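Trainee: work_9.txt is the file, holding compact mmCIF, C-alpha atoms:
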```txt
# COMPACT_ATOMS: atom_id res chain seq x y z
CA MET A 262 -117.85 -53.56 -64.91
CA PRO A 263 -117.63 -54.45 -61.21
CA THR A 264 -114.66 -53.35 -59.15
CA VAL A 265 -112.62 -56.38 -58.10
CA GLY A 266 -110.38 -56.81 -55.09
CA ILE A 267 -108.04 -59.75 -54.54
CA VAL A 268 -106.67 -61.10 -51.27
CA ILE A 269 -103.57 -63.29 -51.51
CA VAL A 270 -103.10 -65.44 -48.44
CA ALA A 271 -99.33 -65.85 -48.12
CA ALA A 272 -98.69 -65.99 -44.38
CA GLY A 273 -98.09 -69.73 -44.07
CA SER A 274 -94.91 -70.92 -42.40
CA GLY A 275 -94.33 -73.70 -44.94
CA VAL A 276 -93.50 -76.28 -42.26
CA ARG A 277 -94.90 -79.18 -44.31
CA LEU A 278 -92.86 -78.06 -47.31
CA GLY A 279 -89.72 -78.53 -45.26
CA ARG A 280 -87.62 -75.72 -46.76
CA GLY A 281 -87.16 -73.84 -43.48
CA ILE A 282 -88.69 -70.64 -44.91
CA PRO A 283 -92.26 -69.43 -45.46
CA LYS A 284 -93.87 -70.96 -48.52
CA ALA A 285 -94.24 -67.59 -50.24
CA PHE A 286 -90.45 -67.25 -50.53
CA VAL A 287 -89.68 -70.73 -51.85
CA GLU A 288 -88.26 -70.45 -55.36
CA LEU A 289 -89.13 -72.48 -58.42
CA ASP A 290 -86.61 -72.07 -61.24
CA GLY A 291 -85.28 -68.92 -59.57
CA THR A 292 -88.65 -67.21 -59.06
CA SER A 293 -90.47 -67.17 -55.73
CA VAL A 294 -93.92 -68.66 -55.32
CA LEU A 295 -95.26 -65.22 -54.36
CA ALA A 296 -93.74 -63.55 -57.42
CA ARG A 297 -95.31 -66.18 -59.66
CA ALA A 298 -98.71 -65.62 -58.08
CA LEU A 299 -98.37 -61.86 -58.51
CA GLU A 300 -97.49 -62.21 -62.20
CA VAL A 301 -100.83 -63.91 -62.80
CA VAL A 302 -102.80 -61.50 -60.62
CA ARG A 303 -101.32 -58.58 -62.54
CA GLU A 304 -103.05 -59.89 -65.67
CA VAL A 305 -106.41 -59.84 -63.87
CA LYS A 306 -105.94 -56.11 -63.15
CA PRO A 307 -107.79 -55.86 -59.81
CA ALA A 308 -108.84 -52.49 -58.46
CA ALA A 309 -107.26 -53.45 -55.13
CA LEU A 310 -104.79 -56.13 -54.02
CA VAL A 311 -104.03 -57.02 -50.40
CA ILE A 312 -101.40 -59.58 -49.39
CA ALA A 313 -101.41 -61.23 -45.96
CA GLY A 314 -97.75 -62.10 -45.40
CA PRO A 315 -95.70 -63.73 -42.64
CA PRO A 316 -95.58 -61.15 -39.81
CA ALA A 317 -91.81 -61.48 -39.36
CA HIS A 318 -91.08 -61.13 -43.08
CA LEU A 319 -93.18 -58.22 -44.31
CA ASP A 320 -90.16 -56.36 -45.71
CA ALA A 321 -89.35 -59.39 -47.86
CA VAL A 322 -92.94 -59.50 -49.12
CA LYS A 323 -92.82 -55.78 -49.95
CA ALA A 324 -89.54 -56.28 -51.82
CA ILE A 325 -91.10 -58.98 -54.01
CA VAL A 326 -94.12 -56.75 -54.63
CA GLU A 327 -91.84 -53.90 -55.69
CA ASP A 328 -89.77 -56.13 -57.98
CA THR A 329 -92.91 -57.48 -59.62
CA GLY A 330 -94.22 -53.99 -60.24
CA VAL A 331 -97.73 -54.48 -58.87
CA ASP A 332 -99.64 -52.11 -56.62
CA ALA A 333 -100.50 -53.94 -53.40
CA THR A 334 -101.11 -53.40 -49.71
CA VAL A 335 -99.16 -55.75 -47.45
CA VAL A 336 -100.52 -56.69 -44.02
CA ALA A 337 -99.34 -59.08 -41.32
CA GLY A 338 -101.12 -62.42 -41.41
CA GLY A 339 -102.69 -63.94 -38.31
CA GLU A 340 -102.29 -67.14 -36.32
CA THR A 341 -104.76 -68.97 -38.57
CA ARG A 342 -105.78 -68.74 -42.19
CA THR A 343 -109.10 -67.17 -41.26
CA ASP A 344 -107.32 -64.56 -39.16
CA SER A 345 -105.09 -63.74 -42.13
CA VAL A 346 -108.07 -63.28 -44.44
CA ARG A 347 -109.84 -61.17 -41.81
CA ARG A 348 -106.83 -58.85 -41.49
CA ALA A 349 -106.50 -58.55 -45.24
CA MET A 350 -110.19 -57.77 -45.66
CA ALA A 351 -109.91 -55.06 -43.02
CA ALA A 352 -107.41 -53.33 -45.31
CA MET A 353 -109.48 -53.86 -48.46
CA PRO A 354 -111.31 -50.79 -49.79
CA ALA A 355 -114.96 -51.00 -50.82
CA ILE A 356 -115.22 -53.21 -53.90
CA ASP A 357 -118.01 -55.12 -55.67
CA VAL A 358 -116.34 -58.54 -55.92
CA VAL A 359 -113.61 -59.95 -53.72
CA LEU A 360 -111.46 -62.98 -54.55
CA ILE A 361 -109.57 -64.94 -51.88
CA HIS A 362 -106.57 -66.72 -53.37
CA ASP A 363 -103.88 -69.01 -51.92
CA VAL A 364 -100.30 -68.17 -52.83
CA ALA A 365 -99.68 -71.93 -52.92
CA ARG A 366 -101.84 -72.08 -56.07
CA PHE A 367 -99.54 -69.73 -57.98
CA GLY A 368 -100.13 -71.59 -61.26
CA THR A 369 -103.80 -70.63 -61.51
CA PRO A 370 -104.29 -69.07 -64.97
CA PRO A 371 -106.11 -65.74 -65.42
CA ASP A 372 -109.13 -67.32 -67.11
CA VAL A 373 -110.05 -69.08 -63.85
CA PHE A 374 -110.14 -65.69 -62.11
CA ASP A 375 -112.32 -64.39 -64.94
CA ARG A 376 -114.80 -67.26 -64.59
CA VAL A 377 -115.13 -66.70 -60.84
CA ILE A 378 -115.62 -62.94 -61.26
CA GLU A 379 -118.24 -63.44 -63.97
CA SER A 380 -120.21 -65.90 -61.85
CA VAL A 381 -120.28 -63.61 -58.79
CA GLN A 382 -121.23 -60.64 -60.94
CA LYS A 383 -124.12 -62.47 -62.61
CA THR A 384 -125.57 -64.27 -59.57
CA ASN A 385 -124.49 -62.22 -56.53
CA ASP A 386 -123.62 -65.60 -54.98
CA ALA A 387 -120.23 -66.99 -54.07
CA ALA A 388 -118.27 -68.90 -56.72
CA ILE A 389 -115.50 -71.46 -56.38
CA PRO A 390 -113.40 -73.22 -59.05
CA VAL A 391 -113.59 -77.01 -58.88
CA LEU A 392 -112.37 -80.10 -60.71
CA PRO A 393 -114.00 -83.54 -60.62
CA VAL A 394 -112.56 -86.29 -58.42
CA THR A 395 -111.21 -89.13 -60.55
CA ASP A 396 -110.08 -91.52 -57.80
CA THR A 397 -112.41 -93.82 -55.91
CA ILE A 398 -113.08 -92.31 -52.46
CA VAL A 399 -113.97 -94.38 -49.39
CA VAL A 400 -114.70 -93.64 -45.77
CA ALA A 401 -112.59 -95.62 -43.28
CA ASP A 402 -112.57 -95.93 -39.49
CA ASP A 403 -109.53 -97.36 -37.70
CA GLY A 404 -108.20 -98.83 -40.92
CA ILE A 405 -111.50 -100.45 -41.94
CA VAL A 406 -113.50 -99.21 -44.93
CA THR A 407 -116.97 -98.37 -43.71
CA GLU A 408 -118.51 -96.59 -46.67
CA ASN A 409 -118.07 -95.97 -50.38
CA THR A 410 -118.89 -92.59 -51.85
CA GLU A 411 -120.34 -91.62 -55.21
CA ARG A 412 -117.56 -89.66 -56.89
CA ALA A 413 -119.90 -88.24 -59.52
CA HIS A 414 -120.90 -85.68 -56.90
CA LEU A 415 -117.40 -85.06 -55.49
CA TYR A 416 -115.14 -82.19 -56.55
CA ARG A 417 -111.73 -80.83 -55.69
CA VAL A 418 -112.01 -77.22 -54.55
CA GLN A 419 -109.46 -74.62 -55.67
CA THR A 420 -108.91 -70.88 -55.42
CA PRO A 421 -109.57 -68.05 -56.05
CA GLN A 422 -112.93 -68.15 -54.32
CA GLY A 423 -115.14 -65.18 -55.11
CA PHE A 424 -117.80 -63.33 -53.11
CA PRO A 425 -119.91 -60.18 -53.23
CA GLY A 426 -117.51 -57.74 -51.58
CA PRO A 427 -119.65 -55.88 -49.02
CA ALA A 428 -121.43 -59.00 -47.74
CA TYR A 429 -118.23 -61.03 -47.44
CA ALA A 430 -116.52 -58.22 -45.53
CA VAL A 431 -119.23 -58.50 -42.90
CA ALA A 432 -119.15 -62.32 -42.91
CA ILE A 433 -115.40 -62.62 -42.36
CA ALA A 434 -115.40 -59.91 -39.70
CA GLU A 435 -118.00 -61.84 -37.69
CA ALA A 436 -116.71 -65.38 -38.39
CA VAL A 437 -115.86 -67.49 -35.36
CA GLY A 438 -113.32 -70.30 -35.65
CA ASP A 439 -110.85 -71.26 -38.36
CA PHE A 440 -111.86 -72.30 -41.86
CA THR A 441 -109.60 -73.88 -44.48
CA ASP A 442 -112.17 -73.04 -47.14
CA ASP A 443 -113.53 -69.50 -47.49
CA ALA A 444 -116.77 -70.68 -49.04
CA SER A 445 -117.57 -72.42 -45.75
CA ILE A 446 -117.87 -69.01 -44.12
CA TRP A 447 -120.30 -67.91 -46.83
CA ARG A 448 -122.40 -71.04 -46.48
CA GLY A 449 -122.39 -70.51 -42.72
CA ILE A 450 -124.36 -67.28 -43.14
CA GLY A 451 -126.84 -69.00 -45.46
CA GLY A 452 -125.22 -67.93 -48.73
CA THR A 453 -125.26 -69.96 -51.93
CA VAL A 454 -121.97 -71.21 -53.36
CA ARG A 455 -121.80 -71.89 -57.09
CA THR A 456 -119.08 -73.76 -58.98
CA VAL A 457 -117.08 -72.85 -62.08
CA THR A 458 -114.54 -74.95 -63.94
CA GLY A 459 -111.11 -75.02 -62.31
CA ASP A 460 -107.74 -75.86 -63.85
CA GLU A 461 -105.10 -78.52 -63.21
CA ARG A 462 -102.49 -75.77 -63.17
CA SER A 463 -104.05 -74.59 -59.90
CA HIS A 464 -102.40 -77.52 -58.15
CA LYS A 465 -101.60 -76.57 -54.55
CA ILE A 466 -98.02 -76.68 -53.27
CA THR A 467 -98.04 -78.27 -49.82
CA VAL A 468 -95.16 -80.77 -49.55
CA GLU A 469 -91.80 -81.12 -51.30
CA SER A 470 -93.08 -83.60 -53.87
CA ASP A 471 -95.64 -81.00 -55.03
CA LEU A 472 -92.85 -78.54 -55.72
CA ASP A 473 -90.76 -81.17 -57.45
CA SER A 474 -93.72 -82.07 -59.64
CA SER A 475 -94.26 -78.46 -60.66
CA ALA A 476 -90.59 -77.99 -61.48
CA ALA A 477 -90.43 -81.18 -63.51
CA SER A 478 -93.38 -80.18 -65.68
CA LEU A 479 -91.99 -76.74 -66.52
CA ARG A 480 -89.95 -76.37 -69.69
CA VAL A 481 -88.20 -73.37 -71.21
CA GLY A 482 -88.19 -72.62 -74.92
CA LEU A 483 -86.01 -70.12 -76.79
CA GLY A 484 -86.91 -68.49 -80.09
CA THR A 485 -85.37 -65.83 -82.33
CA ASP A 486 -86.44 -64.24 -85.58
CA THR A 487 -85.01 -61.56 -87.87
CA HIS A 488 -86.61 -59.71 -90.77
CA ALA A 489 -85.33 -56.95 -93.00
CA PHE A 490 -87.24 -53.78 -93.74
CA GLY A 491 -88.66 -53.54 -97.24
CA GLY A 492 -91.95 -55.38 -97.22
CA SER A 493 -94.78 -54.04 -99.36
CA GLU A 494 -97.24 -54.25 -96.47
CA PRO A 495 -97.42 -51.89 -93.45
CA LEU A 496 -95.26 -52.83 -90.47
CA TRP A 497 -96.73 -55.49 -88.19
CA LEU A 498 -94.88 -56.10 -84.94
CA GLY A 499 -96.13 -57.76 -81.77
CA CYS A 500 -99.43 -58.45 -83.57
CA LEU A 501 -100.00 -54.70 -83.90
CA GLU A 502 -99.97 -52.51 -87.00
CA TRP A 503 -97.55 -49.57 -86.97
CA PRO A 504 -98.91 -46.90 -89.35
CA GLY A 505 -96.28 -44.87 -91.14
CA GLU A 506 -93.50 -47.40 -90.54
CA THR A 507 -91.79 -49.43 -93.27
CA GLY A 508 -92.94 -53.04 -93.30
CA LEU A 509 -90.78 -56.12 -92.80
CA SER A 510 -90.22 -58.55 -95.63
CA GLY A 511 -91.12 -62.20 -95.24
CA HIS A 512 -93.29 -65.10 -96.39
CA SER A 513 -96.00 -63.97 -93.98
CA ASP A 514 -96.32 -60.49 -92.46
CA GLY A 515 -92.73 -60.48 -91.17
CA ASP A 516 -93.80 -60.04 -87.54
CA ALA A 517 -90.49 -60.94 -85.89
CA VAL A 518 -91.95 -60.69 -82.39
CA ALA A 519 -94.81 -63.11 -83.03
CA HIS A 520 -92.54 -65.49 -84.91
CA ALA A 521 -89.90 -65.53 -82.16
CA LEU A 522 -92.60 -66.24 -79.57
CA CYS A 523 -93.98 -69.01 -81.77
CA ASP A 524 -90.49 -70.53 -81.99
CA ALA A 525 -90.10 -70.34 -78.20
CA LEU A 526 -93.44 -72.07 -77.59
CA LEU A 527 -92.72 -74.86 -80.03
CA SER A 528 -89.16 -75.48 -78.82
CA GLY A 529 -90.26 -75.47 -75.19
CA ALA A 530 -92.68 -78.28 -75.96
CA GLY A 531 -90.12 -80.16 -78.02
CA LEU A 532 -92.01 -79.60 -81.28
CA GLY A 533 -89.21 -78.08 -83.33
CA ASP A 534 -89.33 -74.59 -84.81
CA ILE A 535 -91.65 -72.39 -86.82
CA GLY A 536 -89.93 -73.25 -90.09
CA THR A 537 -90.42 -76.96 -89.52
CA VAL A 538 -93.99 -76.80 -88.26
CA PHE A 539 -95.28 -73.98 -90.49
CA GLY A 540 -93.08 -74.21 -93.57
CA THR A 541 -92.90 -71.52 -96.25
CA ASP A 542 -94.32 -73.99 -98.76
CA ASP A 543 -97.64 -74.09 -96.88
CA PRO A 544 -100.01 -71.66 -98.69
CA ARG A 545 -102.18 -71.31 -95.57
CA TYR A 546 -99.54 -69.12 -93.96
CA SER A 547 -98.63 -66.93 -96.92
CA GLY A 548 -99.18 -63.36 -95.71
CA ALA A 549 -100.65 -64.61 -92.42
CA ARG A 550 -100.62 -62.32 -89.40
CA GLY A 551 -98.58 -63.16 -86.34
CA ASP A 552 -101.59 -64.10 -84.24
CA VAL A 553 -102.40 -66.88 -86.72
CA PHE A 554 -99.02 -68.50 -86.04
CA LEU A 555 -99.33 -68.04 -82.28
CA ARG A 556 -102.79 -69.60 -82.12
CA ALA A 557 -101.67 -72.47 -84.33
CA ALA A 558 -98.69 -73.03 -82.02
CA LEU A 559 -101.03 -73.10 -79.01
CA ASP A 560 -103.11 -75.74 -80.77
CA ARG A 561 -99.99 -77.85 -81.41
CA LEU A 562 -99.02 -77.60 -77.74
CA ALA A 563 -102.53 -78.54 -76.63
CA GLU A 564 -102.43 -81.65 -78.80
CA ILE A 565 -99.61 -83.05 -76.64
CA GLY A 566 -101.00 -81.76 -73.34
CA PHE A 567 -98.90 -78.61 -72.98
CA ALA A 568 -99.77 -74.96 -72.44
CA PRO A 569 -97.75 -71.77 -71.90
CA ARG A 570 -97.20 -70.40 -68.40
CA SER A 571 -95.43 -67.12 -69.22
CA ALA A 572 -93.27 -65.57 -71.92
CA SER A 573 -90.99 -62.63 -72.55
CA VAL A 574 -89.60 -61.08 -75.70
CA GLN A 575 -86.89 -58.52 -76.40
CA ILE A 576 -87.03 -56.46 -79.58
CA VAL A 577 -83.67 -55.41 -81.04
CA GLY A 578 -83.69 -52.51 -83.48
CA ASN A 579 -83.54 -48.75 -83.93
CA ARG A 580 -87.17 -48.37 -84.97
CA PRO A 581 -90.01 -48.21 -84.40
CA LYS A 582 -89.92 -46.72 -80.88
CA ILE A 583 -91.31 -49.49 -78.71
CA GLY A 584 -91.68 -47.59 -75.43
CA PRO A 585 -94.91 -45.72 -76.23
CA ARG A 586 -96.67 -48.98 -77.21
CA ARG A 587 -94.90 -51.50 -75.01
CA VAL A 588 -97.86 -52.00 -72.67
CA GLU A 589 -100.19 -52.33 -75.65
CA ILE A 590 -97.97 -55.06 -77.13
CA GLU A 591 -97.88 -56.88 -73.78
CA GLN A 592 -101.65 -56.75 -73.44
CA THR A 593 -102.19 -57.96 -77.00
CA LEU A 594 -99.77 -60.87 -76.75
CA SER A 595 -100.98 -61.81 -73.26
CA GLY A 596 -104.53 -61.87 -74.59
CA ILE A 597 -103.56 -64.24 -77.40
CA LEU A 598 -101.46 -66.60 -75.28
CA GLY A 599 -103.63 -66.38 -72.16
CA VAL A 600 -100.58 -65.93 -69.93
CA PRO A 601 -98.37 -62.99 -68.88
CA VAL A 602 -96.04 -61.76 -71.64
CA SER A 603 -93.41 -59.14 -70.91
CA VAL A 604 -91.80 -57.02 -73.63
CA SER A 605 -88.56 -55.04 -73.65
CA ALA A 606 -86.53 -53.32 -76.35
CA THR A 607 -82.91 -52.44 -76.98
CA THR A 608 -80.55 -51.22 -79.69
CA THR A 609 -77.05 -52.31 -80.65
CA ASP A 610 -75.46 -48.82 -80.57
CA GLY A 611 -75.29 -48.64 -84.34
CA LEU A 612 -73.57 -51.99 -84.74
CA GLY A 613 -74.59 -54.76 -87.11
CA PHE A 614 -77.71 -55.43 -89.16
CA THR A 615 -80.17 -53.95 -86.67
CA GLY A 616 -77.86 -51.13 -85.61
CA GLU A 617 -77.64 -49.97 -89.22
CA GLY A 618 -81.43 -49.80 -89.34
CA LYS A 619 -81.80 -52.58 -91.90
CA GLY A 620 -84.25 -54.68 -89.93
CA ILE A 621 -85.46 -56.04 -86.60
CA THR A 622 -84.52 -59.04 -84.48
CA ALA A 623 -86.68 -60.49 -81.70
CA ILE A 624 -85.54 -62.90 -78.99
CA ALA A 625 -88.19 -64.75 -76.98
CA ILE A 626 -88.36 -67.11 -74.03
CA ALA A 627 -91.47 -69.12 -73.19
CA HIS A 628 -92.22 -71.24 -70.15
CA VAL A 629 -94.51 -74.15 -71.04
CA ALA A 630 -95.81 -76.97 -68.89
CA SER A 631 -97.92 -80.08 -69.16
CA HIS A 632 -101.52 -79.84 -67.97
```
The structure given in the file should be rewritten as structure tokens.
Mentor:
Amino acid sequence: MPTVGIVIVAAGSGVRLGRGIPKAFVELDGTSVLARALEVVREVKPAALVIAGPPAHLDAVKAIVEDTGVDATVVAGGETRTDSVRRAMAAMPAIDVVLIHDVARFGTPPDVFDRVIESVQKTNDAAIPVLPVTDTIVVADDGIVTENTERAHLYRVQTPQGFPGPAYAVAIAEAVGDFTDDASIWRGIGGTVRTVTGDERSHKITVESDLDSSAASLRVGLGTDTHAFGGSEPLWLGCLEWPGETGLSGHSDGDAVAHALCDALLSGAGLGDIGTVFGTDDPRYSGARGDVFLRAALDRLAEIGFAPRSASVQIVGNRPKIGPRRVEIEQTLSGILGVPVSVSATTTDGLGFTGEGKGITAIAIAHVASH
């Protein structure tokens, strides 16, 4: 596998956004734009991550990095976007593939990163995510339309934009002028730029209406599930088998974590709950594993134009011990949902159903949004 480095360009002043602070620090539902971008990047698992931040606010950038729990190098951005990328690349260690990503496209899902990386790896050319233009585009001069364009050959360019690491390091170091598009630098040295499929969630935040649109499309769903110990099957929790642990009773496999997440996804999209959508009288789900419910919930969301953005789940119970497998659960659930999923665990100090060791409760929150 190639080593991958990611540059996040986050040094913009945000003047057009009109919030009076750099764009990276603007919050959406209580979470900064930079933090949201880092949550996605963490799922990509780059070998190196460099952030070009506002020179006067590097401590604030470092604080967000620390809170997010990612490993990143923070450098001061330059006067122009190209200068910022150049400074970040100067701090980037030797890697095979480098991705340049705008913090303003914090909604870009991990699979777009994966497509860009795969293209660069296979072709040794640059790769950019694009979406087709659906509006009619004309050329106008002084208010007069002078030319129509053929939109079949027009595309909207997004980030991250990927390049062979060593060659791009040389190209950006020697680039003269300012470029709003990193692929232009690559084409300027005679390189080939290939396209991969982008994503509507990569919408760029530039003005206030962009931020309002993103906030309006985001919904929060809450889900809970409780199962008692005593099932005849081995314990399944978080879509993982727990050998040696007593199973949970239930119509399916009793996976309280998967079921709570399923509930959160469905409620966030206004589709009801797991009992309503996947009733116990449906033989297809008798004994079904948790991933079956989660994938079915994703299909239901997709039917109405929704998809998850992130999720978190807390497991309440005395056993099993979640800590040793917490990361494994997160990776498994994130792989199923295609978005970051965080997992935590707690006990009730011996109180109640879970405190007495009779079963497990899971509480989940999911952020879902329209495409």
Trainee: Counting only C-alpha atoms, what is within 7 Å of Thr369 (chain A), bar same-chain residues fewer than 6 positions away, as a list in words?
Mentor: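 Skipping anything fewer than 6 positions along the chain leaves Asp460, Arg462 and Ser463 of chain A.
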Trainee: Go through A:Leu496, A:Ala434, A:Ile583, A:Ala625 one by one, measure the shortest atom-to-atom distance of each to Ala521 (chain A) using all atoms listed in the file, and give the residue with the smallest value.
Mentor: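 Of A:Leu496, A:Ala434, A:Ile583, A:Ala625, the one nearest Ala521 (chain A) is A:Ala625, counting all atoms listed in the file.
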Trainee: Quick one, how far is CA of Ile626 (chain A) from CA of Glu564 (chain A)?
Mentor: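 If I compute the distance from CA of Ile626 (chain A) to CA of Glu564 (chain A), I get 20.8 Å.
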Trainee: Here is a test: counting all atoms listed in the file, which residue of A:Pro370, A:Gly484, A:Gly618, A:Pro393 is nearest to Pro601 (chain A)?
Mentor: A:Pro370
Trainee: For a quick check of understanding, using all atoms listed in the file, which of A:Ala285, A:Ile433, A:Ile590, A:Val270 has the smallest distance to Gly339 (chain A)?
Mentor: A:Val270
Trainee: Excluding same-chain residues fewer than 2 positions from Gln575 (chain A), what lies within 7 Å of it counting all atoms listed in the file, as a list of chain:residue names?
Mentor: A:Ser573, A:Val577, A:Val604, A:Ser605, A:Ala606, A:Ala623, A:Ile624, A:Ala625
Trainee: Would you mind telling me which residue in A:Ala324, A:Ala563, A:Ile267, A:Val301 lies nearest to His362 (chain A) when using all atoms listed in the file?
Mentor: A:Ile267
Trainee: Tell me which protein, DNA and RNA residues are within 12 Å of Glu435 (chain A), counting all atoms listed in the file, leaving out same-chain ones fewer than 3 positions away, and put them as an MDAnalysis selection string.
Mentor: chainID A and resid 343:344 347 350:351 428:432 438:439 446:447 449:450
Trainee: Take the residues from that selection and put them in a file with C-alpha atoms, as a PDB file, in the frame of the given file.
Mentor:
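Result file is part-v4.pdb:
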```
ATOM      1  CA  THR A 343    -109.100 -67.170 -41.260  1.00  0.00           C
ATOM      2  CA  ASP A 344    -107.320 -64.560 -39.160  1.00  0.00           C
ATOM      3  CA  ARG A 347    -109.840 -61.170 -41.810  1.00  0.00           C
ATOM      4  CA  MET A 350    -110.190 -57.770 -45.660  1.00  0.00           C
ATOM      5  CA  ALA A 351    -109.910 -55.060 -43.020  1.00  0.00           C
ATOM      6  CA  ALA A 428    -121.430 -59.000 -47.740  1.00  0.00           C
ATOM      7  CA  TYR A 429    -118.230 -61.030 -47.440  1.00  0.00           C
ATOM      8  CA  ALA A 430    -116.520 -58.220 -45.530  1.00  0.00           C
ATOM      9  CA  VAL A 431    -119.230 -58.500 -42.900  1.00  0.00           C
ATOM     10  CA  ALA A 432    -119.150 -62.320 -42.910  1.00  0.00           C
ATOM     11  CA  GLY A 438    -113.320 -70.300 -35.650  1.00  0.00           C
ATOM     12  CA  ASP A 439    -110.850 -71.260 -38.360  1.00  0.00           C
ATOM     13  CA  ILE A 446    -117.870 -69.010 -44.120  1.00  0.00           C
ATOM     14  CA  TRP A 447    -120.300 -67.910 -46.830  1.00  0.00           C
ATOM     15  CA  GLY A 449    -122.390 -70.510 -42.720  1.00  0.00           C
ATOM     16  CA  ILE A 450    -124.360 -67.280 -43.140  1.00  0.00           C
TER      17      ILE A 450
END
```
Trainee: Go ahead and compute the interatomic distance for CA of Ala444 (chain A) and CA of Ala355 (chain A), in Å to one decimal.
Mentor: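 Distance between the two atoms: 19.8 Å.
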Trainee: With only C-alpha atoms as the basis for distance, which of A:Gly338, A:Gly482, A:Gly426, A:Pro371 is at the shortest distance from Ser528 (chain A)?
Mentor: A:Gly482
Trainee: Will you model N, CA and C atoms for region 520-532 of chain A and pass it back as a PDB file, in the coordinates of the input?
Mentor:
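Listing of result-v8.pdb after writing:
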```
ATOM      1  N   HIS A 520     -93.228 -64.296 -84.436  1.00  0.00           N
ATOM      2  CA  HIS A 520     -92.540 -65.490 -84.910  1.00  0.00           C
ATOM      3  C   HIS A 520     -91.536 -66.016 -83.880  1.00  0.00           C
ATOM      4  N   ALA A 521     -90.840 -65.103 -83.201  1.00  0.00           N
ATOM      5  CA  ALA A 521     -89.900 -65.530 -82.160  1.00  0.00           C
ATOM      6  C   ALA A 521     -90.647 -66.191 -81.008  1.00  0.00           C
ATOM      7  N   LEU A 522     -91.792 -65.630 -80.621  1.00  0.00           N
ATOM      8  CA  LEU A 522     -92.600 -66.240 -79.570  1.00  0.00           C
ATOM      9  C   LEU A 522     -93.102 -67.612 -79.993  1.00  0.00           C
ATOM     10  N   CYS A 523     -93.513 -67.721 -81.241  1.00  0.00           N
ATOM     11  CA  CYS A 523     -93.980 -69.010 -81.770  1.00  0.00           C
ATOM     12  C   CYS A 523     -92.857 -70.041 -81.688  1.00  0.00           C
ATOM     13  N   ASP A 524     -91.656 -69.648 -82.085  1.00  0.00           N
ATOM     14  CA  ASP A 524     -90.490 -70.530 -81.990  1.00  0.00           C
ATOM     15  C   ASP A 524     -90.251 -70.982 -80.560  1.00  0.00           C
ATOM     16  N   ALA A 525     -90.351 -70.031 -79.612  1.00  0.00           N
ATOM     17  CA  ALA A 525     -90.100 -70.340 -78.200  1.00  0.00           C
ATOM     18  C   ALA A 525     -91.122 -71.335 -77.669  1.00  0.00           C
ATOM     19  N   LEU A 526     -92.384 -71.147 -78.037  1.00  0.00           N
ATOM     20  CA  LEU A 526     -93.440 -72.070 -77.590  1.00  0.00           C
ATOM     21  C   LEU A 526     -93.200 -73.474 -78.123  1.00  0.00           C
ATOM     22  N   LEU A 527     -92.913 -73.555 -79.410  1.00  0.00           N
ATOM     23  CA  LEU A 527     -92.720 -74.860 -80.030  1.00  0.00           C
ATOM     24  C   LEU A 527     -91.486 -75.573 -79.477  1.00  0.00           C
ATOM     25  N   SER A 528     -90.380 -74.837 -79.323  1.00  0.00           N
ATOM     26  CA  SER A 528     -89.160 -75.480 -78.820  1.00  0.00           C
ATOM     27  C   SER A 528     -89.313 -75.896 -77.374  1.00  0.00           C
ATOM     28  N   GLY A 529     -90.045 -75.103 -76.576  1.00  0.00           N
ATOM     29  CA  GLY A 529     -90.260 -75.470 -75.190  1.00  0.00           C
ATOM     30  C   GLY A 529     -91.017 -76.776 -75.043  1.00  0.00           C
ATOM     31  N   ALA A 530     -91.904 -77.037 -75.996  1.00  0.00           N
ATOM     32  CA  ALA A 530     -92.680 -78.280 -75.960  1.00  0.00           C
ATOM     33  C   ALA A 530     -92.025 -79.403 -76.752  1.00  0.00           C
ATOM     34  N   GLY A 531     -90.828 -79.127 -77.273  1.00  0.00           N
ATOM     35  CA  GLY A 531     -90.120 -80.160 -78.020  1.00  0.00           C
ATOM     36  C   GLY A 531     -90.707 -80.431 -79.393  1.00  0.00           C
ATOM     37  N   LEU A 532     -91.334 -79.415 -79.999  1.00  0.00           N
ATOM     38  CA  LEU A 532     -92.010 -79.600 -81.280  1.00  0.00           C
ATOM     39  C   LEU A 532     -91.219 -79.039 -82.461  1.00  0.00           C
TER      40      LEU A 532
END
```
